[in-house]
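What follows is a single structure, written as structure tokens, with notes after it.
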Amino acid sequence: SGKGTQCEGIVEDFGLVHISTGDELRMHVRQGTPLGLQAKGYMDSGGLVPDSLITAIVKERMLHQDVVEKGWLLDGFPRTAGQVQALSEAEVHPDRVVLLDVPDEILVERCTGRRLDPVTGAIYHIVHNPPPEGVADRLVQRSDDTAEAMSKRIATYHENLGAITTYYQTKCRRINGVRAPKAIREEVKAFIEGSLPPTMSGVPPRRAMPKPEEAMAFVETTMMPFIVKGCAALCKTKPDKPLEYLAHWMIENNPNKPLVDNTADQAPVNKNDVNEERA
């Protein structure tokens with residue numbers, strides 16, 4: 001499963017605006033804009049387009065209203081330390097960074113077999129995702145989808161990867177990209193939601209954030225009765241230090257059974273009152 005497939009899944013799951021720097025550059029190349037003419041030479045040779053060109057496109061695209069309202073998904077950017085620095089200086093900070101890990105030889109095979117439908121913009125693969133009848137004859141191979149160009153791009157990728165993963169080490173997760181698309185999508189979704197940690201940070205896994213309706217149901221069925229019982233015990237006991245008493249009451253009666261042992265140095269609690277409230 002390639003990053004294009006996973007980007008489609010992320011957009012569907014989270015409603016973000018997909019910003020593909022490669023697509024943006026190829027659009028400029030097709031239209032023959034000054035930026036496109038500059039970029040074409042780099043793309044044909046398999047090299048990376050200079051940071052100054054690609055960063056300007058990204059910054060401009062992020063000013064559009066749809067990006068401001070929905071948020072963004074950057075596809076294929078940043079790819080160099082210079083681009084990372086440019087994003088930081090522009091106050092553009094991703095919440096999550098997904099690194100799809102695929103062996104070099106598979107990347108070359110996927111790239112050289114890729115074909116573009118110039119009419120619809122759809123991407124096919126001559127082996128893994130062949131086009132339907134009537135489409136194959138019009139497919140074209142992009143000028144940068146050759147083995148030679150891909151080898152240069154892979155070498156450049158490895159030269160820059162360390163700087164990117166180091167900068168985003170608390171936000172980046174390395175995901176095995178040689179699996180079924182559905183399995184990869186599930187892991188990507190869990191990471192973005194927060195139930196899986198960044199691979200390189202050592203942060204333990206945590207449950208995903210609940211949906212608003214789930215959170216409201218928990219508050220109404222669990223939190224509110226718990227708080228009411230605590231306040232009732234507080235009013236009945238009338239301790240000298242009400243906040244301290246309430247804090248200890250909540251710890252002792254917490255339905256989640258916290259691991260911390262708070263039996264020592266505990267504020268006075270009327271056990272009879274507590275037992276009556278539990279009844």
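If you're wondering about the labels, chains in the structure tokens are A, B, ... by order shown, residues count from 1 in each chain, ligands from 1 in order shown.
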
*All residues 8 Å or closer to Ile19 in chain A, only C-alpha atoms, same chain fewer than 4 positions away omitted, as a list of chain:residue names*: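 In the requested form, the answer reads A:Glu24, A:Val58, A:Arg61, A:Trp72, A:Leu73, A:Leu74, A:Asp75.
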
Can those selected residues be exported to a file as a PDB file, in the first residue's frame so that it contains N, CA, C and O atoms?
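What landed in selection-v7.pdb:
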ATOM      1  N   GLU A  24       1.039  19.225  -7.031  1.00  0.00           N
ATOM      2  CA  GLU A  24       1.093  20.669  -7.257  1.00  0.00           C
ATOM      3  C   GLU A  24       2.196  21.019  -8.258  1.00  0.00           C
ATOM      4  O   GLU A  24       1.990  21.823  -9.181  1.00  0.00           O
ATOM      5  N   VAL A  58       3.763  25.289  -0.784  1.00  0.00           N
ATOM      6  CA  VAL A  58       3.068  24.792   0.398  1.00  0.00           C
ATOM      7  C   VAL A  58       2.500  25.942   1.224  1.00  0.00           C
ATOM      8  O   VAL A  58       1.340  25.916   1.660  1.00  0.00           O
ATOM      9  N   ARG A  61      -0.549  27.453  -0.472  1.00  0.00           N
ATOM     10  CA  ARG A  61      -1.721  26.564  -0.441  1.00  0.00           C
ATOM     11  C   ARG A  61      -2.381  26.563   0.934  1.00  0.00           C
ATOM     12  O   ARG A  61      -3.611  26.468   1.045  1.00  0.00           O
ATOM     13  N   TRP A  72      -4.953  20.195   7.447  1.00  0.00           N
ATOM     14  CA  TRP A  72      -4.210  19.770   6.266  1.00  0.00           C
ATOM     15  C   TRP A  72      -3.469  18.455   6.460  1.00  0.00           C
ATOM     16  O   TRP A  72      -3.154  18.037   7.573  1.00  0.00           O
ATOM     17  N   LEU A  73      -3.222  17.821   5.328  1.00  0.00           N
ATOM     18  CA  LEU A  73      -2.414  16.612   5.254  1.00  0.00           C
ATOM     19  C   LEU A  73      -1.359  16.842   4.180  1.00  0.00           C
ATOM     20  O   LEU A  73      -1.671  16.934   2.999  1.00  0.00           O
ATOM     21  N   LEU A  74      -0.103  16.945   4.601  1.00  0.00           N
ATOM     22  CA  LEU A  74       0.986  17.151   3.660  1.00  0.00           C
ATOM     23  C   LEU A  74       1.480  15.799   3.154  1.00  0.00           C
ATOM     24  O   LEU A  74       1.817  14.922   3.937  1.00  0.00           O
ATOM     25  N   ASP A  75       1.521  15.658   1.840  1.00  0.00           N
ATOM     26  CA  ASP A  75       1.926  14.406   1.199  1.00  0.00           C
ATOM     27  C   ASP A  75       3.258  14.637   0.485  1.00  0.00           C
ATOM     28  O   ASP A  75       3.329  15.377  -0.484  1.00  0.00           O
TER      29      ASP A  75
END

*Mind checking which residues fall within 10 Å of Lys40 in chain A, counting only C-alpha atoms, ignoring those fewer than 6 positions away in the same chain, and posting them as a list in words?*
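Counting only the stated atoms, we get Leu25, Arg26, His28, Val29, Arg30, Gly32, Gly46, Val49, Ser143 and Asp144 of chain A.
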
*Taking the DSSP assignment computed from this structure's backbone, write out as an NGL selection string all residues of range 8-72 of chain A that belong to strand (DSSP E or B).*
:A and (17-20 or 72)

If you run DSSP over the backbone, which residues in range 36-236 of chain A end up alpha helix (DSSP H)? Put them as a CSV table (one decimal) with N, CA, C and O atoms, in the first residue's frame.
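Below is the file that was written, part_4.csv:
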chain,number,residue,atom,x,y,z
A,36,GLY,N,6.9,25.8,-12.8
A,36,GLY,CA,6.9,24.5,-13.4
A,36,GLY,C,8.1,24.2,-14.3
A,36,GLY,O,8.6,23.1,-14.3
A,37,LEU,N,8.5,25.2,-15.1
A,37,LEU,CA,9.6,25.1,-15.9
A,37,LEU,C,10.9,24.9,-15.1
A,37,LEU,O,11.8,24.1,-15.5
A,38,GLN,N,11.0,25.5,-14.0
A,38,GLN,CA,12.2,25.3,-13.1
A,38,GLN,C,12.2,23.9,-12.5
A,38,GLN,O,13.2,23.3,-12.4
A,39,ALA,N,11.0,23.5,-12.1
A,39,ALA,CA,10.9,22.2,-11.4
A,39,ALA,C,11.1,21.0,-12.4
A,39,ALA,O,11.6,20.0,-12.0
A,40,LYS,N,10.7,21.2,-13.6
A,40,LYS,CA,10.8,20.1,-14.6
A,40,LYS,C,12.1,19.5,-14.7
A,40,LYS,O,12.3,18.2,-14.8
A,41,GLY,N,13.2,20.3,-14.8
A,41,GLY,CA,14.5,19.8,-14.9
A,41,GLY,C,14.9,18.9,-13.7
A,41,GLY,O,15.5,17.8,-13.9
A,42,TYR,N,14.5,19.3,-12.5
A,42,TYR,CA,14.8,18.5,-11.3
A,42,TYR,C,14.0,17.2,-11.3
A,42,TYR,O,14.6,16.1,-11.0
A,43,MET,N,12.8,17.3,-11.7
A,43,MET,CA,11.9,16.1,-11.7
A,43,MET,C,12.4,15.0,-12.7
A,43,MET,O,12.4,13.8,-12.5
A,44,ASP,N,12.7,15.5,-13.9
A,44,ASP,CA,13.2,14.6,-15.0
A,44,ASP,C,14.5,13.9,-14.6
A,44,ASP,O,14.7,12.7,-15.0
A,45,SER,N,15.3,14.5,-13.8
A,45,SER,CA,16.6,13.9,-13.5
A,45,SER,C,16.5,13.0,-12.2
A,45,SER,O,17.4,12.4,-11.8
A,51,ASP,N,14.3,23.6,-2.0
A,51,ASP,CA,13.4,23.9,-0.9
A,51,ASP,C,12.7,25.2,-1.2
A,51,ASP,O,11.5,25.4,-0.8
A,52,SER,N,13.4,26.2,-1.8
A,52,SER,CA,12.8,27.5,-2.0
A,52,SER,C,11.5,27.4,-2.8
A,52,SER,O,10.5,28.1,-2.6
A,53,LEU,N,11.5,26.5,-3.8
A,53,LEU,CA,10.4,26.4,-4.7
A,53,LEU,C,9.2,25.7,-4.1
A,53,LEU,O,8.1,26.1,-4.1
A,54,ILE,N,9.5,24.5,-3.5
A,54,ILE,CA,8.4,23.7,-3.0
A,54,ILE,C,7.8,24.3,-1.7
A,54,ILE,O,6.6,24.2,-1.5
A,55,THR,N,8.6,25.0,-0.9
A,55,THR,CA,8.1,25.6,0.3
A,55,THR,C,7.2,26.7,0.0
A,55,THR,O,6.2,26.9,0.7
A,56,ALA,N,7.5,27.5,-1.0
A,56,ALA,CA,6.6,28.6,-1.4
A,56,ALA,C,5.2,28.1,-1.8
A,56,ALA,O,4.2,28.7,-1.5
A,57,ILE,N,5.2,27.0,-2.5
A,57,ILE,CA,3.9,26.4,-2.9
A,57,ILE,C,3.1,25.9,-1.7
A,57,ILE,O,1.9,26.2,-1.6
A,58,VAL,N,3.8,25.3,-0.8
A,58,VAL,CA,3.1,24.8,0.4
A,58,VAL,C,2.5,25.9,1.2
A,58,VAL,O,1.3,25.9,1.7
A,59,LYS,N,3.3,27.0,1.5
A,59,LYS,CA,2.8,28.1,2.2
A,59,LYS,C,1.6,28.8,1.6
A,59,LYS,O,0.7,29.1,2.3
A,60,GLU,N,1.7,28.9,0.3
A,60,GLU,CA,0.6,29.6,-0.4
A,60,GLU,C,-0.7,28.8,-0.3
A,60,GLU,O,-1.8,29.3,-0.1
A,61,ARG,N,-0.5,27.5,-0.5
A,61,ARG,CA,-1.7,26.6,-0.4
A,61,ARG,C,-2.4,26.6,0.9
A,61,ARG,O,-3.6,26.5,1.0
A,65,GLN,N,-8.9,28.9,2.1
A,65,GLN,CA,-10.0,28.8,3.2
A,65,GLN,C,-10.3,27.4,3.6
A,65,GLN,O,-10.5,27.1,4.7
A,66,ASP,N,-10.2,26.5,2.6
A,66,ASP,CA,-10.6,25.1,2.9
A,66,ASP,C,-9.5,24.5,3.9
A,66,ASP,O,-9.9,23.7,4.8
A,67,VAL,N,-8.3,24.9,3.7
A,67,VAL,CA,-7.2,24.4,4.6
A,67,VAL,C,-7.4,25.0,6.0
A,67,VAL,O,-7.2,24.3,7.0
A,68,VAL,N,-7.7,26.3,6.0
A,68,VAL,CA,-7.9,26.9,7.3
A,68,VAL,C,-9.0,26.3,8.1
A,68,VAL,O,-8.9,26.1,9.3
A,69,GLU,N,-10.1,25.9,7.4
A,69,GLU,CA,-11.3,25.4,8.1
A,69,GLU,C,-11.1,23.9,8.5
A,69,GLU,O,-11.6,23.5,9.5
A,70,LYS,N,-10.5,23.1,7.6
A,70,LYS,CA,-10.5,21.7,7.8
A,70,LYS,C,-9.2,21.1,8.3
A,70,LYS,O,-9.2,20.0,8.8
A,81,ALA,N,16.0,18.6,5.5
A,81,ALA,CA,16.1,19.4,6.7
A,81,ALA,C,15.8,20.9,6.5
A,81,ALA,O,15.2,21.5,7.3
A,82,GLY,N,16.1,21.3,5.3
A,82,GLY,CA,15.8,22.7,4.9
A,82,GLY,C,14.3,23.0,4.9
A,82,GLY,O,13.8,24.0,5.3
A,83,GLN,N,13.5,22.0,4.4
A,83,GLN,CA,12.1,22.1,4.3
A,83,GLN,C,11.5,22.1,5.7
A,83,GLN,O,10.5,22.8,6.0
A,84,VAL,N,12.0,21.2,6.6
A,84,VAL,CA,11.6,21.1,8.0
A,84,VAL,C,11.8,22.5,8.6
A,84,VAL,O,10.9,23.0,9.3
A,85,GLN,N,13.0,23.1,8.4
A,85,GLN,CA,13.3,24.4,9.0
A,85,GLN,C,12.3,25.5,8.5
A,85,GLN,O,11.9,26.3,9.2
A,86,ALA,N,12.0,25.4,7.1
A,86,ALA,CA,11.1,26.4,6.5
A,86,ALA,C,9.7,26.3,7.1
A,86,ALA,O,9.1,27.3,7.4
A,87,LEU,N,9.3,25.1,7.4
A,87,LEU,CA,7.9,24.9,8.0
A,87,LEU,C,7.9,25.5,9.4
A,87,LEU,O,7.0,26.1,9.8
A,88,SER,N,9.0,25.2,10.1
A,88,SER,CA,9.0,25.7,11.5
A,88,SER,C,9.0,27.2,11.5
A,88,SER,O,8.4,27.8,12.3
A,89,GLU,N,9.8,27.8,10.7
A,89,GLU,CA,9.9,29.3,10.6
A,89,GLU,C,8.5,29.9,10.2
A,89,GLU,O,8.2,31.0,10.6
A,104,ASP,N,13.6,-0.6,-0.4
A,104,ASP,CA,14.0,0.1,-1.6
A,104,ASP,C,13.6,-0.6,-2.9
A,104,ASP,O,13.0,0.0,-3.9
A,105,GLU,N,13.8,-1.9,-3.0
A,105,GLU,CA,13.6,-2.6,-4.2
A,105,GLU,C,12.1,-2.7,-4.5
A,105,GLU,O,11.7,-2.7,-5.7
A,106,ILE,N,11.2,-2.7,-3.5
A,106,ILE,CA,9.8,-2.7,-3.7
A,106,ILE,C,9.4,-1.3,-4.2
A,106,ILE,O,8.5,-1.2,-5.0
A,107,LEU,N,10.0,-0.2,-3.7
A,107,LEU,CA,9.7,1.1,-4.1
A,107,LEU,C,10.0,1.3,-5.6
A,107,LEU,O,9.2,1.9,-6.3
A,108,VAL,N,11.1,0.7,-6.0
A,108,VAL,CA,11.5,0.8,-7.4
A,108,VAL,C,10.4,0.1,-8.3
A,108,VAL,O,10.0,0.6,-9.4
A,109,GLU,N,10.1,-1.1,-7.9
A,109,GLU,CA,9.1,-1.9,-8.6
A,109,GLU,C,7.7,-1.2,-8.7
A,109,GLU,O,7.1,-1.2,-9.8
A,110,ARG,N,7.3,-0.6,-7.6
A,110,ARG,CA,6.0,0.1,-7.6
A,110,ARG,C,6.1,1.3,-8.5
A,110,ARG,O,5.1,1.6,-9.2
A,111,CYS,N,7.2,2.0,-8.5
A,111,CYS,CA,7.3,3.2,-9.2
A,111,CYS,C,7.4,3.0,-10.7
A,111,CYS,O,6.7,3.6,-11.5
A,112,THR,N,8.2,2.0,-11.2
A,112,THR,CA,8.4,1.8,-12.6
A,112,THR,C,7.1,1.2,-13.2
A,112,THR,O,6.9,1.3,-14.4
A,147,ALA,N,13.4,3.7,-13.4
A,147,ALA,CA,14.3,3.1,-12.4
A,147,ALA,C,15.5,4.0,-12.1
A,147,ALA,O,15.9,4.1,-10.9
A,148,GLU,N,16.1,4.6,-13.1
A,148,GLU,CA,17.2,5.5,-12.8
A,148,GLU,C,16.8,6.7,-12.0
A,148,GLU,O,17.5,7.0,-11.0
A,149,ALA,N,15.7,7.3,-12.3
A,149,ALA,CA,15.2,8.5,-11.6
A,149,ALA,C,14.9,8.1,-10.1
A,149,ALA,O,15.2,8.8,-9.2
A,150,MET,N,14.2,6.9,-10.0
A,150,MET,CA,13.8,6.5,-8.7
A,150,MET,C,15.0,6.2,-7.8
A,150,MET,O,15.0,6.4,-6.6
A,151,SER,N,16.0,5.6,-8.4
A,151,SER,CA,17.2,5.3,-7.6
A,151,SER,C,17.8,6.5,-7.0
A,151,SER,O,18.3,6.5,-5.8
A,152,LYS,N,17.9,7.6,-7.8
A,152,LYS,CA,18.4,8.8,-7.3
A,152,LYS,C,17.5,9.4,-6.2
A,152,LYS,O,18.0,9.9,-5.2
A,153,ARG,N,16.2,9.3,-6.4
A,153,ARG,CA,15.3,9.9,-5.3
A,153,ARG,C,15.4,9.1,-4.0
A,153,ARG,O,15.4,9.7,-2.9
A,154,ILE,N,15.6,7.8,-4.1
A,154,ILE,CA,15.8,6.9,-2.9
A,154,ILE,C,17.0,7.3,-2.2
A,154,ILE,O,17.1,7.4,-1.0
A,155,ALA,N,18.1,7.5,-3.0
A,155,ALA,CA,19.4,7.9,-2.3
A,155,ALA,C,19.3,9.2,-1.6
A,155,ALA,O,19.8,9.4,-0.5
A,156,THR,N,18.6,10.2,-2.2
A,156,THR,CA,18.4,11.5,-1.6
A,156,THR,C,17.5,11.3,-0.4
A,156,THR,O,17.7,12.0,0.6
A,157,TYR,N,16.5,10.5,-0.5
A,157,TYR,CA,15.6,10.2,0.7
A,157,TYR,C,16.4,9.7,1.9
A,157,TYR,O,16.2,10.3,3.0
A,158,HIS,N,17.3,8.8,1.7
A,158,HIS,CA,18.0,8.2,2.8
A,158,HIS,C,19.0,9.3,3.4
A,158,HIS,O,19.2,9.3,4.6
A,159,GLU,N,19.5,10.1,2.6
A,159,GLU,CA,20.4,11.2,3.0
A,159,GLU,C,19.7,12.2,4.0
A,159,GLU,O,20.3,12.7,4.9
A,160,ASN,N,18.4,12.4,3.7
A,160,ASN,CA,17.7,13.4,4.5
A,160,ASN,C,16.8,12.8,5.6
A,160,ASN,O,16.3,13.6,6.5
A,161,LEU,N,16.6,11.5,5.6
A,161,LEU,CA,15.6,10.9,6.5
A,161,LEU,C,16.0,11.1,8.0
A,161,LEU,O,15.1,11.5,8.8
A,162,GLY,N,17.2,11.0,8.3
A,162,GLY,CA,17.7,11.1,9.7
A,162,GLY,C,17.3,12.5,10.3
A,162,GLY,O,16.8,12.6,11.4
A,163,ALA,N,17.5,13.5,9.5
A,163,ALA,CA,17.3,14.9,10.0
A,163,ALA,C,15.8,15.1,10.3
A,163,ALA,O,15.4,15.7,11.3
A,164,ILE,N,14.9,14.5,9.4
A,164,ILE,CA,13.5,14.7,9.6
A,164,ILE,C,13.0,13.9,10.8
A,164,ILE,O,12.2,14.5,11.6
A,165,THR,N,13.4,12.7,10.9
A,165,THR,CA,12.9,11.8,12.0
A,165,THR,C,13.4,12.3,13.3
A,165,THR,O,12.7,12.2,14.4
A,166,THR,N,14.6,12.9,13.3
A,166,THR,CA,15.1,13.5,14.6
A,166,THR,C,14.3,14.7,15.0
A,166,THR,O,13.9,14.8,16.2
A,167,TYR,N,14.0,15.6,14.1
A,167,TYR,CA,13.2,16.8,14.4
A,167,TYR,C,11.8,16.4,14.9
A,167,TYR,O,11.3,17.1,15.8
A,181,PRO,N,-3.5,-3.0,2.6
A,181,PRO,CA,-3.9,-1.6,2.8
A,181,PRO,C,-4.8,-1.3,4.0
A,181,PRO,O,-4.6,-0.4,4.7
A,182,LYS,N,-5.7,-2.3,4.3
A,182,LYS,CA,-6.6,-2.1,5.4
A,182,LYS,C,-5.9,-2.1,6.7
A,182,LYS,O,-6.2,-1.3,7.6
A,183,ALA,N,-4.9,-3.0,6.8
A,183,ALA,CA,-4.1,-3.1,8.1
A,183,ALA,C,-3.3,-1.9,8.3
A,183,ALA,O,-3.2,-1.4,9.4
A,184,ILE,N,-2.7,-1.4,7.2
A,184,ILE,CA,-1.9,-0.1,7.4
A,184,ILE,C,-2.8,1.0,7.7
A,184,ILE,O,-2.5,1.8,8.6
A,185,ARG,N,-4.0,1.1,7.1
A,185,ARG,CA,-4.9,2.2,7.4
A,185,ARG,C,-5.4,2.2,8.8
A,185,ARG,O,-5.5,3.2,9.5
A,186,GLU,N,-5.6,1.0,9.4
A,186,GLU,CA,-6.1,0.9,10.8
A,186,GLU,C,-5.0,1.4,11.7
A,186,GLU,O,-5.3,2.1,12.7
A,187,GLU,N,-3.7,1.1,11.4
A,187,GLU,CA,-2.6,1.5,12.3
A,187,GLU,C,-2.4,3.0,12.2
A,187,GLU,O,-2.2,3.7,13.2
A,188,VAL,N,-2.5,3.5,10.9
A,188,VAL,CA,-2.4,5.0,10.7
A,188,VAL,C,-3.5,5.8,11.5
A,188,VAL,O,-3.2,6.7,12.1
A,189,LYS,N,-4.7,5.3,11.4
A,189,LYS,CA,-5.8,5.9,12.0
A,189,LYS,C,-5.7,5.9,13.5
A,189,LYS,O,-5.9,6.9,14.2
A,190,ALA,N,-5.2,4.8,14.1
A,190,ALA,CA,-5.1,4.7,15.5
A,190,ALA,C,-4.0,5.6,16.0
A,190,ALA,O,-4.1,6.2,17.1
A,191,PHE,N,-2.9,5.8,15.2
A,191,PHE,CA,-1.8,6.7,15.6
A,191,PHE,C,-2.3,8.1,15.6
A,191,PHE,O,-2.0,8.9,16.5
A,192,ILE,N,-3.0,8.5,14.5
A,192,ILE,CA,-3.5,9.9,14.4
A,192,ILE,C,-4.5,10.2,15.6
A,192,ILE,O,-4.5,11.3,16.1
A,193,GLU,N,-5.3,9.2,15.9
A,193,GLU,CA,-6.3,9.4,17.0
A,193,GLU,C,-5.6,9.5,18.3
A,193,GLU,O,-6.2,10.1,19.3
A,212,PRO,N,-17.7,12.8,21.0
A,212,PRO,CA,-18.4,13.7,21.9
A,212,PRO,C,-19.6,13.1,22.6
A,212,PRO,O,-19.8,13.3,23.8
A,213,GLU,N,-20.4,12.3,21.9
A,213,GLU,CA,-21.5,11.6,22.5
A,213,GLU,C,-21.1,10.6,23.5
A,213,GLU,O,-21.8,10.4,24.5
A,214,GLU,N,-20.0,9.9,23.2
A,214,GLU,CA,-19.5,8.9,24.2
A,214,GLU,C,-19.1,9.6,25.5
A,214,GLU,O,-19.3,9.1,26.6
A,215,ALA,N,-18.4,10.7,25.3
A,215,ALA,CA,-17.9,11.5,26.5
A,215,ALA,C,-19.1,12.0,27.3
A,215,ALA,O,-19.1,11.9,28.6
A,216,MET,N,-20.1,12.5,26.6
A,216,MET,CA,-21.3,13.0,27.4
A,216,MET,C,-22.0,11.9,28.1
A,216,MET,O,-22.4,12.1,29.3
A,217,ALA,N,-22.1,10.7,27.5
A,217,ALA,CA,-22.8,9.6,28.2
A,217,ALA,C,-22.0,9.2,29.4
A,217,ALA,O,-22.6,8.9,30.4
A,218,PHE,N,-20.6,9.2,29.3
A,218,PHE,CA,-19.8,8.8,30.5
A,218,PHE,C,-20.0,9.8,31.6
A,218,PHE,O,-20.1,9.5,32.8
A,224,MET,N,-21.2,12.3,36.9
A,224,MET,CA,-22.1,13.1,37.7
A,224,MET,C,-22.6,12.4,39.0
A,224,MET,O,-22.5,13.0,40.1
A,225,PRO,N,-23.0,11.1,38.9
A,225,PRO,CA,-23.4,10.4,40.2
A,225,PRO,C,-22.2,10.3,41.2
A,225,PRO,O,-22.4,10.5,42.4
A,226,PHE,N,-21.0,10.1,40.7
A,226,PHE,CA,-19.8,10.1,41.5
A,226,PHE,C,-19.6,11.4,42.2
A,226,PHE,O,-19.3,11.4,43.4
A,227,ILE,N,-19.7,12.5,41.5
A,227,ILE,CA,-19.5,13.8,42.1
A,227,ILE,C,-20.6,14.2,43.1
A,227,ILE,O,-20.3,14.7,44.1
A,228,VAL,N,-21.8,13.8,42.8
A,228,VAL,CA,-22.9,14.1,43.7
A,228,VAL,C,-22.7,13.3,45.0
A,228,VAL,O,-22.9,13.9,46.1
A,229,LYS,N,-22.3,12.1,44.9
A,229,LYS,CA,-22.0,11.3,46.2
A,229,LYS,C,-20.9,11.9,47.0
A,229,LYS,O,-21.0,12.0,48.2
A,230,GLY,N,-19.8,12.4,46.3
A,230,GLY,CA,-18.7,13.0,47.0
A,230,GLY,C,-19.2,14.3,47.7
A,230,GLY,O,-18.8,14.6,48.9
A,231,CYS,N,-20.0,15.1,47.0
A,231,CYS,CA,-20.5,16.4,47.6
A,231,CYS,C,-21.4,16.1,48.8
A,231,CYS,O,-21.4,16.8,49.8
A,232,ALA,N,-22.2,15.0,48.7
A,232,ALA,CA,-23.1,14.6,49.8
A,232,ALA,C,-22.3,14.3,51.0
A,232,ALA,O,-22.6,14.6,52.1
A,233,ALA,N,-21.2,13.5,50.8
A,233,ALA,CA,-20.4,13.1,51.9
A,233,ALA,C,-19.7,14.3,52.5
A,233,ALA,O,-19.6,14.4,53.8
A,234,LEU,N,-19.3,15.2,51.7
A,234,LEU,CA,-18.7,16.5,52.2
A,234,LEU,C,-19.6,17.3,53.0
A,234,LEU,O,-19.3,17.8,54.1
A,235,CYS,N,-20.9,17.4,52.6
A,235,CYS,CA,-21.9,18.2,53.3
A,235,CYS,C,-22.2,17.6,54.6
A,235,CYS,O,-22.5,18.3,55.6
A,236,LYS,N,-22.3,16.3,54.6
A,236,LYS,CA,-22.7,15.6,55.8
A,236,LYS,C,-21.5,15.6,56.9
A,236,LYS,O,-21.8,15.7,58.1
